[in-house]
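K.L.:
My questions will all concern the structure given below.
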Amino acid sequence: MRFGKKGKLRPRCIGPYRILQRVDQVAYRLKLPAEMSLMHPVFHVSMLKKVVGDPSLIVLVETIEVNEELTYEEIPIAILDRQVWKLRNKEIAFIKVLWRNQQVE
């Protein structure tokens, strides 16, 4: 779990961060900011992703207020869309919400 969120709403990528040194064949030590000082700075290559040119794919750490347990609170700003699917015996409501730390696509 990243920052206490599971599933689709969790941030996919945070960063980018500079690689300080190669620790092993498959591990790298990263230069993390002071807000993430509680996190261990050595990561396996499967956890890292090459920086892409599209800035909308990267969530900046400055915009997310992370507490001591490395979690943050999502705050809804607006409801963008609402749909109701009708099945045989029940109705399922789908609501698209604009969150404070997410971007609109």
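Every chain in the structure tokens takes a letter, A first, then B, and so on in the order presented; its residues are numbered from 1, and the ligands are numbered from 1 following the presented order.
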What's around segment 33-45 of chain A at 10 Å? Count only C-alpha atoms, leave out sequence neighbours fewer than 5 positions away in its own chain, and write the answer as a ChimeraX atom specification.

P.N.:
/A:15,17,19-28,61-62,65-70

K.L.:
Can you write just those residues out, N, CA, C and O atoms, as a short mmCIF file (atom, residue, chain, number, x, y, z; two decimals), in the first residue's frame?

P.N.:
data_model
loop_
_atom_site.label_atom_id
_atom_site.label_comp_id
_atom_site.auth_asym_id
_atom_site.auth_seq_id
_atom_site.Cartn_x
_atom_site.Cartn_y
_atom_site.Cartn_z
N GLY A 15 7.50 11.57 -7.27
CA GLY A 15 8.89 11.85 -7.58
C GLY A 15 8.96 12.79 -8.76
O GLY A 15 8.02 13.50 -9.04
N TYR A 17 13.07 11.32 -8.24
CA TYR A 17 14.15 11.45 -7.27
C TYR A 17 15.45 11.02 -7.91
O TYR A 17 15.49 10.14 -8.77
N ILE A 19 19.09 9.27 -8.19
CA ILE A 19 19.77 8.06 -7.71
C ILE A 19 21.13 8.46 -7.17
O ILE A 19 21.94 9.07 -7.88
N LEU A 20 21.39 8.13 -5.89
CA LEU A 20 22.67 8.46 -5.28
C LEU A 20 23.74 7.41 -5.57
O LEU A 20 24.87 7.75 -5.92
N GLN A 21 23.39 6.14 -5.41
CA GLN A 21 24.36 5.09 -5.66
C GLN A 21 23.65 3.78 -5.95
O GLN A 21 22.49 3.60 -5.61
N ARG A 22 24.40 2.88 -6.58
CA ARG A 22 23.90 1.54 -6.83
C ARG A 22 24.36 0.66 -5.68
O ARG A 22 25.56 0.48 -5.46
N VAL A 23 23.42 0.12 -4.91
CA VAL A 23 23.75 -0.65 -3.72
C VAL A 23 24.10 -2.08 -4.08
O VAL A 23 25.02 -2.67 -3.55
N ASP A 24 23.35 -2.67 -4.98
CA ASP A 24 23.55 -4.06 -5.39
C ASP A 24 23.23 -4.14 -6.88
O ASP A 24 23.01 -3.13 -7.53
N GLN A 25 23.20 -5.36 -7.41
CA GLN A 25 22.86 -5.53 -8.82
C GLN A 25 21.45 -5.02 -9.12
O GLN A 25 21.18 -4.55 -10.22
N VAL A 26 20.55 -5.15 -8.15
CA VAL A 26 19.13 -4.81 -8.39
C VAL A 26 18.59 -3.81 -7.38
O VAL A 26 17.38 -3.70 -7.21
N ALA A 27 19.44 -3.04 -6.70
CA ALA A 27 18.97 -2.09 -5.69
C ALA A 27 19.68 -0.75 -5.86
O ALA A 27 20.87 -0.71 -6.18
N TYR A 28 18.94 0.32 -5.63
CA TYR A 28 19.47 1.68 -5.74
C TYR A 28 19.08 2.49 -4.52
O TYR A 28 18.00 2.34 -3.97
N VAL A 61 5.33 15.57 -4.43
CA VAL A 61 5.18 15.33 -3.00
C VAL A 61 4.74 16.60 -2.29
O VAL A 61 4.06 16.54 -1.28
N GLU A 62 5.10 17.76 -2.81
CA GLU A 62 4.75 19.01 -2.15
C GLU A 62 3.24 19.22 -2.09
O GLU A 62 2.74 19.89 -1.20
N GLU A 65 0.00 16.25 1.58
CA GLU A 65 0.39 16.43 2.97
C GLU A 65 0.42 15.06 3.63
O GLU A 65 -0.61 14.48 3.94
N VAL A 66 1.63 14.53 3.87
CA VAL A 66 1.80 13.19 4.41
C VAL A 66 2.11 13.31 5.90
O VAL A 66 2.96 14.09 6.30
N ASN A 67 1.40 12.51 6.72
CA ASN A 67 1.67 12.54 8.16
C ASN A 67 2.72 11.50 8.54
O ASN A 67 3.36 10.91 7.68
N GLU A 68 2.89 11.25 9.84
CA GLU A 68 3.96 10.37 10.33
C GLU A 68 3.78 8.93 9.88
O GLU A 68 4.75 8.20 9.71
N GLU A 69 2.54 8.46 9.70
CA GLU A 69 2.29 7.08 9.29
C GLU A 69 2.35 6.93 7.77
O GLU A 69 1.97 5.88 7.25
N LEU A 70 2.82 7.95 7.06
CA LEU A 70 2.90 7.98 5.60
C LEU A 70 1.52 7.77 4.96
O LEU A 70 1.36 7.08 3.97
#

K.L.:
List the neighbours of Phe94 of chain A out to 10 Å using only C-alpha atoms; skip same-chain residues closer than 6 positions along the sequence, and give me the result as a PyMOL selection string.

P.N.:
chain A and resi 81-85

K.L.:
Hey, what's within 10 Å of Ile77 of chain A if we count only C-alpha atoms and toss same-chain stuff fewer than 6 positions away? As a PDB file with all heavy atoms, in the first residue's frame, please?

P.N.:
ATOM      1  N   VAL A  97     -15.875  11.483  -8.822  1.00  0.00           N
ATOM      2  CA  VAL A  97     -15.593  12.538  -7.858  1.00  0.00           C
ATOM      3  C   VAL A  97     -14.250  13.181  -8.191  1.00  0.00           C
ATOM      4  O   VAL A  97     -13.287  12.507  -8.532  1.00  0.00           O
ATOM      5  CB  VAL A  97     -15.555  11.957  -6.417  1.00  0.00           C
ATOM      6  CG1 VAL A  97     -15.218  13.038  -5.405  1.00  0.00           C
ATOM      7  CG2 VAL A  97     -16.871  11.298  -6.080  1.00  0.00           C
ATOM      8  N   LEU A  98     -14.181  14.494  -8.105  1.00  0.00           N
ATOM      9  CA  LEU A  98     -12.923  15.226  -8.224  1.00  0.00           C
ATOM     10  C   LEU A  98     -12.326  15.338  -6.831  1.00  0.00           C
ATOM     11  O   LEU A  98     -12.932  15.926  -5.936  1.00  0.00           O
ATOM     12  CB  LEU A  98     -13.152  16.618  -8.818  1.00  0.00           C
ATOM     13  CG  LEU A  98     -11.934  17.526  -8.887  1.00  0.00           C
ATOM     14  CD1 LEU A  98     -10.873  16.940  -9.809  1.00  0.00           C
ATOM     15  CD2 LEU A  98     -12.344  18.896  -9.364  1.00  0.00           C
ATOM     16  N   TRP A  99     -11.130  14.746  -6.640  1.00  0.00           N
ATOM     17  CA  TRP A  99     -10.450  14.771  -5.335  1.00  0.00           C
ATOM     18  C   TRP A  99      -9.441  15.899  -5.312  1.00  0.00           C
ATOM     19  O   TRP A  99      -8.989  16.372  -6.355  1.00  0.00           O
ATOM     20  CB  TRP A  99      -9.756  13.440  -5.085  1.00  0.00           C
ATOM     21  CG  TRP A  99     -10.699  12.295  -5.041  1.00  0.00           C
ATOM     22  CD1 TRP A  99     -11.013  11.458  -6.070  1.00  0.00           C
ATOM     23  CD2 TRP A  99     -11.476  11.857  -3.929  1.00  0.00           C
ATOM     24  NE1 TRP A  99     -11.932  10.534  -5.665  1.00  0.00           N
ATOM     25  CE2 TRP A  99     -12.232  10.751  -4.358  1.00  0.00           C
ATOM     26  CE3 TRP A  99     -11.622  12.280  -2.608  1.00  0.00           C
ATOM     27  CZ2 TRP A  99     -13.102  10.081  -3.524  1.00  0.00           C
ATOM     28  CZ3 TRP A  99     -12.486  11.594  -1.782  1.00  0.00           C
ATOM     29  CH2 TRP A  99     -13.219  10.510  -2.225  1.00  0.00           C
ATOM     30  N   ARG A 100      -9.043  16.309  -4.114  1.00  0.00           N
ATOM     31  CA  ARG A 100      -8.133  17.437  -3.958  1.00  0.00           C
ATOM     32  C   ARG A 100      -6.765  17.161  -4.558  1.00  0.00           C
ATOM     33  O   ARG A 100      -6.191  18.022  -5.216  1.00  0.00           O
ATOM     34  CB  ARG A 100      -7.978  17.771  -2.470  1.00  0.00           C
ATOM     35  CG  ARG A 100      -7.087  18.991  -2.237  1.00  0.00           C
ATOM     36  CD  ARG A 100      -6.909  19.284  -0.800  1.00  0.00           C
ATOM     37  NE  ARG A 100      -6.161  18.179  -0.199  1.00  0.00           N
ATOM     38  CZ  ARG A 100      -5.882  18.064   1.084  1.00  0.00           C
ATOM     39  NH1 ARG A 100      -6.314  18.984   1.905  1.00  0.00           N
ATOM     40  NH2 ARG A 100      -5.212  17.066   1.537  1.00  0.00           N
ATOM     41  N   ASN A 101      -6.193  15.972  -4.382  1.00  0.00           N
ATOM     42  CA  ASN A 101      -4.842  15.677  -4.849  1.00  0.00           C
ATOM     43  C   ASN A 101      -4.803  14.995  -6.207  1.00  0.00           C
ATOM     44  O   ASN A 101      -3.745  14.615  -6.665  1.00  0.00           O
ATOM     45  CB  ASN A 101      -4.117  14.795  -3.834  1.00  0.00           C
ATOM     46  CG  ASN A 101      -3.862  15.520  -2.542  1.00  0.00           C
ATOM     47  OD1 ASN A 101      -3.620  16.727  -2.555  1.00  0.00           O
ATOM     48  ND2 ASN A 101      -3.938  14.844  -1.424  1.00  0.00           N
TER      49      ASN A 101
END

K.L.:
So how far away is atom CA of Ile95 of chain A from atom CA of Ile79 of chain A, in Å?

P.N.:
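Interatomic distance here is 7.1 Å.
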
K.L.:
Using only C-alpha atoms, which of the listed residues (A:Lys50, A:Lys86, A:Arg29, A:Lys96) sits closest to Pro16 of chain A?

P.N.:
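So, comparing all the options, the nearest one is A:Lys50.
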
K.L.:
At what distance in Å, to one decimal, does atom CA of Lys31 of chain A lie from atom CA of Gly7 of chain A?

P.N.:
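We find that atom CA of Gly7 of chain A and atom CA of Lys31 of chain A lie 27.0 Å from each other.
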